[in-house]
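The next block is my_file.cif, given as mmCIF, C-alpha atoms.
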data_run
#
loop_
_atom_site.group_PDB
_atom_site.id
_atom_site.type_symbol
_atom_site.label_atom_id
_atom_site.label_comp_id
_atom_site.auth_asym_id
_atom_site.auth_seq_id
_atom_site.Cartn_x
_atom_site.Cartn_y
_atom_site.Cartn_z
ATOM 1 C CA MET A 258 56.420 34.544 122.340
ATOM 2 C CA ASP A 259 60.080 34.097 121.333
ATOM 3 C CA ASN A 260 59.680 33.250 117.626
ATOM 4 C CA ILE A 261 57.165 34.804 115.290
ATOM 5 C CA LYS A 262 56.258 34.475 111.641
ATOM 6 C CA VAL A 263 55.931 37.547 109.426
ATOM 7 C CA LEU A 264 54.807 36.662 105.926
ATOM 8 C CA ASP A 265 57.176 33.881 104.799
ATOM 9 C CA LYS A 266 59.992 34.448 107.325
ATOM 10 C CA THR A 267 60.537 33.366 110.912
ATOM 11 C CA PHE A 268 62.038 35.823 113.376
ATOM 12 C CA ALA A 269 63.472 35.372 116.870
ATOM 13 C CA ILE A 270 63.323 38.044 119.531
ATOM 14 C CA SER A 271 66.566 39.989 119.753
ATOM 15 C CA ILE A 272 65.728 43.131 121.765
ATOM 16 C CA PRO A 273 62.801 42.909 124.186
ATOM 17 C CA GLU A 274 60.383 45.776 124.684
ATOM 18 C CA SER A 275 61.598 46.373 128.258
ATOM 19 C CA ARG A 276 65.167 46.964 127.079
ATOM 20 C CA ILE A 277 63.983 49.252 124.250
ATOM 21 C CA LYS A 278 61.976 51.357 126.702
ATOM 22 C CA GLU A 279 64.945 51.578 129.051
ATOM 23 C CA ARG A 280 67.328 52.765 126.305
ATOM 24 C CA VAL A 281 64.823 55.250 124.848
ATOM 25 C CA ALA A 282 64.349 56.774 128.318
ATOM 26 C CA GLU A 283 68.138 57.066 128.722
ATOM 27 C CA LEU A 284 68.443 58.690 125.294
ATOM 28 C CA GLY A 285 65.628 61.144 126.052
ATOM 29 C CA ALA A 286 67.342 62.126 129.301
ATOM 30 C CA ALA A 287 70.687 62.638 127.504
ATOM 31 C CA ILE A 288 69.090 64.788 124.797
ATOM 32 C CA SER A 289 67.223 66.816 127.430
ATOM 33 C CA ARG A 290 70.442 67.419 129.337
ATOM 34 C CA ASP A 291 72.587 68.188 126.281
ATOM 35 C CA LEU A 292 70.105 70.438 124.496
ATOM 36 C CA GLU A 293 68.665 72.299 127.504
ATOM 37 C CA GLY A 294 67.620 75.821 126.524
ATOM 38 C CA LYS A 295 67.849 75.187 122.754
ATOM 39 C CA ASN A 296 64.210 74.376 121.850
ATOM 40 C CA PRO A 297 65.183 71.655 119.342
ATOM 41 C CA ILE A 298 63.077 70.560 116.430
ATOM 42 C CA PHE A 299 62.955 66.807 115.938
ATOM 43 C CA LEU A 300 62.679 65.628 112.330
ATOM 44 C CA ALA A 301 61.340 62.077 112.344
ATOM 45 C CA VAL A 302 62.094 60.155 109.156
ATOM 46 C CA LEU A 303 59.027 58.216 108.025
ATOM 47 C CA ASN A 304 57.902 55.518 107.897
ATOM 48 C CA GLY A 305 60.165 53.463 110.118
ATOM 49 C CA SER A 306 60.927 55.942 112.890
ATOM 50 C CA PHE A 307 57.373 56.822 113.910
ATOM 51 C CA VAL A 308 57.230 54.466 116.914
ATOM 52 C CA PHE A 309 60.716 55.396 118.132
ATOM 53 C CA ALA A 310 60.031 59.115 117.559
ATOM 54 C CA ALA A 311 56.822 58.997 119.615
ATOM 55 C CA ASP A 312 58.503 57.230 122.532
ATOM 56 C CA LEU A 313 61.625 59.407 122.338
ATOM 57 C CA LEU A 314 59.641 62.631 122.319
ATOM 58 C CA ARG A 315 57.751 61.524 125.444
ATOM 59 C CA ALA A 316 61.138 60.865 127.096
ATOM 60 C CA VAL A 317 62.426 64.366 126.304
ATOM 61 C CA SER A 318 61.697 66.810 129.126
ATOM 62 C CA ILE A 319 62.699 70.112 127.482
ATOM 63 C CA PRO A 320 60.548 72.306 125.224
ATOM 64 C CA CYS A 321 60.769 71.006 121.660
ATOM 65 C CA GLU A 322 58.891 70.583 118.400
ATOM 66 C CA ILE A 323 58.499 67.665 116.034
ATOM 67 C CA SER A 324 57.943 67.392 112.324
ATOM 68 C CA PHE A 325 57.864 64.413 110.000
ATOM 69 C CA ILE A 326 59.806 64.034 106.787
ATOM 70 C CA ARG A 327 60.027 61.363 104.184
ATOM 71 C CA LEU A 328 63.001 60.653 101.971
ATOM 72 C CA ALA A 329 62.834 59.606 98.372
ATOM 73 C CA SER A 330 65.973 57.503 97.930
ATOM 74 C CA TYR A 331 64.821 53.967 97.265
ATOM 75 C CA ILE A 332 64.585 51.875 94.131
ATOM 76 C CA GLY A 333 62.607 48.752 94.897
ATOM 77 C CA THR A 334 63.715 47.469 98.286
ATOM 78 C CA SER A 335 67.215 48.917 98.388
ATOM 79 C CA SER A 336 68.459 52.407 99.069
ATOM 80 C CA THR A 337 70.420 54.212 96.411
ATOM 81 C CA GLY A 338 72.128 56.220 99.147
ATOM 82 C CA ASN A 339 71.160 59.309 97.192
ATOM 83 C CA VAL A 340 68.373 61.446 98.630
ATOM 84 C CA LYS A 341 66.355 62.718 95.705
ATOM 85 C CA GLU A 342 63.882 64.697 97.777
ATOM 86 C CA VAL A 343 63.048 65.514 101.371
ATOM 87 C CA MET A 344 59.250 65.527 101.480
ATOM 88 C CA GLY A 345 57.295 67.311 104.168
ATOM 89 C CA LEU A 346 59.989 69.699 105.384
ATOM 90 C CA THR A 347 58.203 73.032 105.644
ATOM 91 C CA GLU A 348 59.808 74.437 108.805
ATOM 92 C CA ASP A 349 62.450 77.146 108.707
ATOM 93 C CA LEU A 350 65.577 75.536 110.165
ATOM 94 C CA GLU A 351 67.849 78.577 110.044
ATOM 95 C CA GLY A 352 69.574 78.983 113.400
ATOM 96 C CA ARG A 353 67.670 76.033 114.906
ATOM 97 C CA THR A 354 68.937 72.982 116.738
ATOM 98 C CA VAL A 355 67.768 69.974 114.720
ATOM 99 C CA VAL A 356 67.593 66.348 115.853
ATOM 100 C CA VAL A 357 67.064 63.863 113.020
ATOM 101 C CA VAL A 358 65.214 60.800 114.352
ATOM 102 C CA GLU A 359 65.874 57.618 112.385
ATOM 103 C CA ASP A 360 64.891 54.006 112.998
ATOM 104 C CA ILE A 361 68.035 52.401 111.588
ATOM 105 C CA ILE A 362 71.294 53.547 110.047
ATOM 106 C CA ASP A 363 72.708 50.860 107.828
ATOM 107 C CA SER A 364 75.332 52.024 105.316
ATOM 108 C CA GLY A 365 74.978 55.652 106.392
ATOM 109 C CA LEU A 366 74.812 56.867 102.791
ATOM 110 C CA THR A 367 71.230 58.123 102.931
ATOM 111 C CA MET A 368 71.823 59.844 106.294
ATOM 112 C CA LYS A 369 74.945 61.551 104.942
ATOM 113 C CA GLU A 370 72.923 62.942 102.017
ATOM 114 C CA LEU A 371 70.104 64.035 104.312
ATOM 115 C CA LEU A 372 72.529 65.855 106.609
ATOM 116 C CA ALA A 373 74.024 67.688 103.613
ATOM 117 C CA THR A 374 70.520 68.690 102.505
ATOM 118 C CA LEU A 375 69.697 69.964 105.996
ATOM 119 C CA GLN A 376 72.966 71.941 106.273
ATOM 120 C CA ALA A 377 71.896 73.936 103.211
ATOM 121 C CA LYS A 378 69.042 75.274 105.383
ATOM 122 C CA HIS A 379 71.598 76.808 107.827
ATOM 123 C CA PRO A 380 70.639 75.228 111.156
ATOM 124 C CA ALA A 381 72.702 76.126 114.224
ATOM 125 C CA GLU A 382 73.458 72.433 114.746
ATOM 126 C CA VAL A 383 72.210 69.031 113.646
ATOM 127 C CA HIS A 384 72.265 65.865 115.739
ATOM 128 C CA VAL A 385 71.268 62.323 114.822
ATOM 129 C CA ALA A 386 69.237 60.052 117.097
ATOM 130 C CA SER A 387 68.918 56.504 115.808
ATOM 131 C CA LEU A 388 67.232 53.526 117.374
ATOM 132 C CA LEU A 389 69.614 51.114 115.638
ATOM 133 C CA VAL A 390 73.023 51.380 114.001
ATOM 134 C CA LYS A 391 74.798 48.685 112.007
ATOM 135 C CA PRO A 392 78.459 49.710 112.502
ATOM 136 C CA ASP A 393 79.874 46.797 110.474
ATOM 137 C CA ASN A 394 77.886 47.927 107.435
ATOM 138 C CA MET A 395 78.727 51.655 107.593
ATOM 139 C CA LYS A 396 80.271 52.971 104.396
ATOM 140 C CA VAL A 397 80.724 56.576 105.570
ATOM 141 C CA SER A 398 81.742 58.229 108.799
ATOM 142 C CA LEU A 399 78.844 59.771 110.708
ATOM 143 C CA ASP A 400 78.601 61.403 114.111
ATOM 144 C CA ILE A 401 75.660 59.515 115.603
ATOM 145 C CA ARG A 402 75.690 60.990 119.068
ATOM 146 C CA TYR A 403 72.417 59.450 120.177
ATOM 147 C CA ARG A 404 71.973 55.742 119.483
ATOM 148 C CA CYS A 405 70.041 53.126 121.372
ATOM 149 C CA PHE A 406 71.603 49.934 120.021
ATOM 150 C CA GLU A 407 74.373 48.741 117.742
ATOM 151 C CA ILE A 408 73.361 45.566 115.946
ATOM 152 C CA PRO A 409 74.936 43.122 113.487
ATOM 153 C CA ASN A 410 74.060 43.269 109.807
ATOM 154 C CA ASP A 411 70.932 41.127 110.216
ATOM 155 C CA PHE A 412 67.423 41.601 108.832
ATOM 156 C CA ILE A 413 65.139 42.796 111.618
ATOM 157 C CA VAL A 414 61.487 43.650 112.169
ATOM 158 C CA GLY A 415 59.368 45.227 114.894
ATOM 159 C CA TYR A 416 59.078 48.482 116.830
ATOM 160 C CA GLY A 417 58.337 50.404 113.645
ATOM 161 C CA LEU A 418 60.589 48.403 111.320
ATOM 162 C CA ASP A 419 58.842 46.293 108.725
ATOM 163 C CA TYR A 420 59.104 43.405 106.326
ATOM 164 C CA ASP A 421 57.144 44.324 103.189
ATOM 165 C CA GLY A 422 54.885 46.553 105.286
ATOM 166 C CA TYR A 423 54.241 44.017 108.059
ATOM 167 C CA GLY A 424 55.592 43.772 111.598
ATOM 168 C CA ARG A 425 55.804 47.486 112.445
ATOM 169 C CA ASN A 426 53.296 46.943 115.281
ATOM 170 C CA LEU A 427 55.447 44.412 117.161
ATOM 171 C CA LYS A 428 56.589 45.711 120.559
ATOM 172 C CA ASP A 429 59.931 43.886 120.507
ATOM 173 C CA ILE A 430 62.640 43.809 117.836
ATOM 174 C CA TYR A 431 63.122 40.488 116.069
ATOM 175 C CA THR A 432 65.920 39.101 113.894
ATOM 176 C CA VAL A 433 65.329 36.749 110.991
ATOM 177 C CA VAL A 434 66.375 33.151 111.727
#
Go ahead and render the structure in this file as structure tokens.
Amino acid sequence: MDNIKVLDKTFAISIPESRIKERVAELGAAISRDLEGKNPIFLAVLNGSFVFAADLLRAVSIPCEISFIRLASYIGTSSTGNVKEVMGLTEDLEGRTVVVVEDIIDSGLTMKELLATLQAKHPAEVHVASLLVKPDNMKVSLDIRYRCFEIPNDFIVGYGLDYDGYGRNLKDIYTVV
């Protein structure tokens, strides 16, 4: 199945499941190596990162924890780039190694605000792990040490990413045609 229809749009496969699995395994191995002995806490940003976070956590071989957070930063379908609230963060991050798990970093504005919010909780260090990064759309400089793929500024769906709530269950990543 190369092309699919989600609601009123047609999408073509851009990153097959096999390649996603391969990159997630490589990322998990890198995180395990780099953060050995640090007992990191992974903060998965809902809703989009849940599939990536589950696969990434299974690829990490060191002791770790996971928690899920949700950001309030959207008006309609577009991000304001201003995080109004981090919902669900109940863990004490002071002195901890934190890995923020995100599905996609587009402009980087929301991630920059989230990182500032997390720094106020005095973690030892904070890393970002993102499935996708759109470097041509970045408006701020971010240190995204762990990234699976850099993609063009296209509309995508699948592997946790949605179009109006649909398509998250697709195993591959698709680009609108």
(message) Just to confirm, what's the straight-line distance from CA of Val343 (chain A) to CA of Leu328 (chain A) in Å (one decimal)?
(response) 4.9 Å
With all atoms listed in the file counted and 12 Å as the cut-off, give the residues of region 344-398 of chain A in contact with region 261-282 of chain A, each with its shortest interatomic distance in Å and the pair that gives it, as a tab-separated table.
residue	atom	partner	partner_atom	distance
A:Val358	CA	A:Val281	CA	11.9
A:Asp360	CA	A:Val281	CA	11.9
A:Ala386	CA	A:Val281	CA	10.1
A:Ser387	CA	A:Val281	CA	10.0
A:Leu388	CA	A:Val281	CA	8.0
A:Leu389	CA	A:Ile277	CA	10.5
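Comparing A:Asp419, A:Asp259, A:Glu359, A:Glu342 by their smallest distance to Cys405 (chain A), the closest is A:Glu359 (using only C-alpha atoms).
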Hey, which bits of region 360-405 of chain A sit within 12 Å of region 293-304 of chain A, and for each residue what's the closest pair of atoms and how far apart in Å (one decimal), counting all atoms listed in the file, rows by chain and increasing number, as JSON lines?
{"residue": "A:Asp360", "atom": "CA", "partner": "A:Val302", "partner_atom": "CA", "distance": 7.8}
{"residue": "A:Ile361", "atom": "CA", "partner": "A:Val302", "partner_atom": "CA", "distance": 10.1}
{"residue": "A:Ile362", "atom": "CA", "partner": "A:Val302", "partner_atom": "CA", "distance": 11.4}
{"residue": "A:Thr367", "atom": "CA", "partner": "A:Val302", "partner_atom": "CA", "distance": 11.2}
{"residue": "A:Met368", "atom": "CA", "partner": "A:Val302", "partner_atom": "CA", "distance": 10.1}
{"residue": "A:Leu371", "atom": "CA", "partner": "A:Val302", "partner_atom": "CA", "distance": 10.1}
{"residue": "A:Leu372", "atom": "CA", "partner": "A:Leu300", "partner_atom": "CA", "distance": 11.4}
{"residue": "A:Leu375", "atom": "CA", "partner": "A:Leu300", "partner_atom": "CA", "distance": 10.4}
{"residue": "A:Pro380", "atom": "CA", "partner": "A:Ile298", "partner_atom": "CA", "distance": 10.3}
{"residue": "A:Ala381", "atom": "CA", "partner": "A:Lys295", "partner_atom": "CA", "distance": 9.9}
{"residue": "A:Glu382", "atom": "CA", "partner": "A:Pro297", "partner_atom": "CA", "distance": 9.5}
{"residue": "A:Val383", "atom": "CA", "partner": "A:Pro297", "partner_atom": "CA", "distance": 9.4}
{"residue": "A:His384", "atom": "CA", "partner": "A:Phe299", "partner_atom": "CA", "distance": 9.4}
{"residue": "A:Val385", "atom": "CA", "partner": "A:Phe299", "partner_atom": "CA", "distance": 9.5}
{"residue": "A:Ala386", "atom": "CA", "partner": "A:Phe299", "partner_atom": "CA", "distance": 9.3}
{"residue": "A:Ser387", "atom": "CA", "partner": "A:Ala301", "partner_atom": "CA", "distance": 10.0}
{"residue": "A:Leu388", "atom": "CA", "partner": "A:Ala301", "partner_atom": "CA", "distance": 11.5}
Could you turn the residues from that selection into a file that holds C-alpha atoms, as a PDB file, keeping the file's coordinate frame?
ATOM      1  CA  ASP A 360      64.891  54.006 112.998  1.00  0.00           C
ATOM      2  CA  ILE A 361      68.035  52.401 111.588  1.00  0.00           C
ATOM      3  CA  ILE A 362      71.294  53.547 110.047  1.00  0.00           C
ATOM      4  CA  THR A 367      71.230  58.123 102.931  1.00  0.00           C
ATOM      5  CA  MET A 368      71.823  59.844 106.294  1.00  0.00           C
ATOM      6  CA  LEU A 371      70.104  64.035 104.312  1.00  0.00           C
ATOM      7  CA  LEU A 372      72.529  65.855 106.609  1.00  0.00           C
ATOM      8  CA  LEU A 375      69.697  69.964 105.996  1.00  0.00           C
ATOM      9  CA  PRO A 380      70.639  75.228 111.156  1.00  0.00           C
ATOM     10  CA  ALA A 381      72.702  76.126 114.224  1.00  0.00           C
ATOM     11  CA  GLU A 382      73.458  72.433 114.746  1.00  0.00           C
ATOM     12  CA  VAL A 383      72.210  69.031 113.646  1.00  0.00           C
ATOM     13  CA  HIS A 384      72.265  65.865 115.739  1.00  0.00           C
ATOM     14  CA  VAL A 385      71.268  62.323 114.822  1.00  0.00           C
ATOM     15  CA  ALA A 386      69.237  60.052 117.097  1.00  0.00           C
ATOM     16  CA  SER A 387      68.918  56.504 115.808  1.00  0.00           C
ATOM     17  CA  LEU A 388      67.232  53.526 117.374  1.00  0.00           C
TER      18      LEU A 388
END
(message) Please compute the CA of Pro409 (chain A)-CA of Val308 (chain A) distance, one decimal, in Å.
(response) 21.3 Å
(request) Provide the CA of Phe307 (chain A) to CA of Leu418 (chain A) distance in Å, to one decimal place. (result)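 Separation of CA of Phe307 (chain A) and CA of Leu418 (chain A): 9.4 Å.
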(message) For a quick check of understanding, using all atoms listed in the file, which of A:Tyr403, A:Tyr431, A:Tyr423, A:Phe412 has the smallest distance to Val356 (chain A)?
(response)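 Closest candidate: A:Tyr403.
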Report the residues retrieved by the PyMOL selection byres ((chain A and resi 392-397) around 10) from the displayed file, expressed as a tab-separated table (two decimals) with C-alpha atoms, in the coordinates of the input.
chain	number	residue	atom	x	y	z
A	362	ILE	CA	71.29	53.55	110.05
A	363	ASP	CA	72.71	50.86	107.83
A	364	SER	CA	75.33	52.02	105.32
A	365	GLY	CA	74.98	55.65	106.39
A	366	LEU	CA	74.81	56.87	102.79
A	367	THR	CA	71.23	58.12	102.93
A	368	MET	CA	71.82	59.84	106.29
A	369	LYS	CA	74.94	61.55	104.94
A	389	LEU	CA	69.61	51.11	115.64
A	390	VAL	CA	73.02	51.38	114.00
A	391	LYS	CA	74.80	48.68	112.01
A	398	SER	CA	81.74	58.23	108.80
A	399	LEU	CA	78.84	59.77	110.71
A	407	GLU	CA	74.37	48.74	117.74
A	408	ILE	CA	73.36	45.57	115.95
A	409	PRO	CA	74.94	43.12	113.49
A	410	ASN	CA	74.06	43.27	109.81
I need the residue set behind the PyMOL selection byres ((chain A and resi 352) around 9) for this file; please write it as a CSV table (one decimal) with C-alpha atoms, keeping the file's coordinate frame.
chain,number,residue,atom,x,y,z
A,349,ASP,CA,62.4,77.1,108.7
A,350,LEU,CA,65.6,75.5,110.2
A,351,GLU,CA,67.8,78.6,110.0
A,353,ARG,CA,67.7,76.0,114.9
A,354,THR,CA,68.9,73.0,116.7
A,378,LYS,CA,69.0,75.3,105.4
A,379,HIS,CA,71.6,76.8,107.8
A,380,PRO,CA,70.6,75.2,111.2
A,381,ALA,CA,72.7,76.1,114.2
A,382,GLU,CA,73.5,72.4,114.7
(request) Compare A:Gly417, A:Gly422, A:Gly305, A:Gly345 by their minimum atom-to-atom distance to Ile326 (chain A), counting all atoms listed in the file, and give me the closest one. (result) A:Gly345
For the structure shown, which residues end up in the PyMOL selection byres ((chain A and resi 289) around 9)? Put them as an mmCIF file with C-alpha atoms, keeping the file's coordinate frame, please?
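Contents of expr.cif, freshly written:
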data_model
loop_
_atom_site.group_PDB
_atom_site.id
_atom_site.type_symbol
_atom_site.label_atom_id
_atom_site.label_comp_id
_atom_site.auth_asym_id
_atom_site.auth_seq_id
_atom_site.Cartn_x
_atom_site.Cartn_y
_atom_site.Cartn_z
ATOM 1 C CA LEU A 284 68.443 58.690 125.294
ATOM 2 C CA GLY A 285 65.628 61.144 126.052
ATOM 3 C CA ALA A 286 67.342 62.126 129.301
ATOM 4 C CA ALA A 287 70.687 62.638 127.504
ATOM 5 C CA ILE A 288 69.090 64.788 124.797
ATOM 6 C CA ARG A 290 70.442 67.419 129.337
ATOM 7 C CA ASP A 291 72.587 68.188 126.281
ATOM 8 C CA LEU A 292 70.105 70.438 124.496
ATOM 9 C CA GLU A 293 68.665 72.299 127.504
ATOM 10 C CA ALA A 316 61.138 60.865 127.096
ATOM 11 C CA VAL A 317 62.426 64.366 126.304
ATOM 12 C CA SER A 318 61.697 66.810 129.126
ATOM 13 C CA ILE A 319 62.699 70.112 127.482
ATOM 14 C CA PRO A 320 60.548 72.306 125.224
#
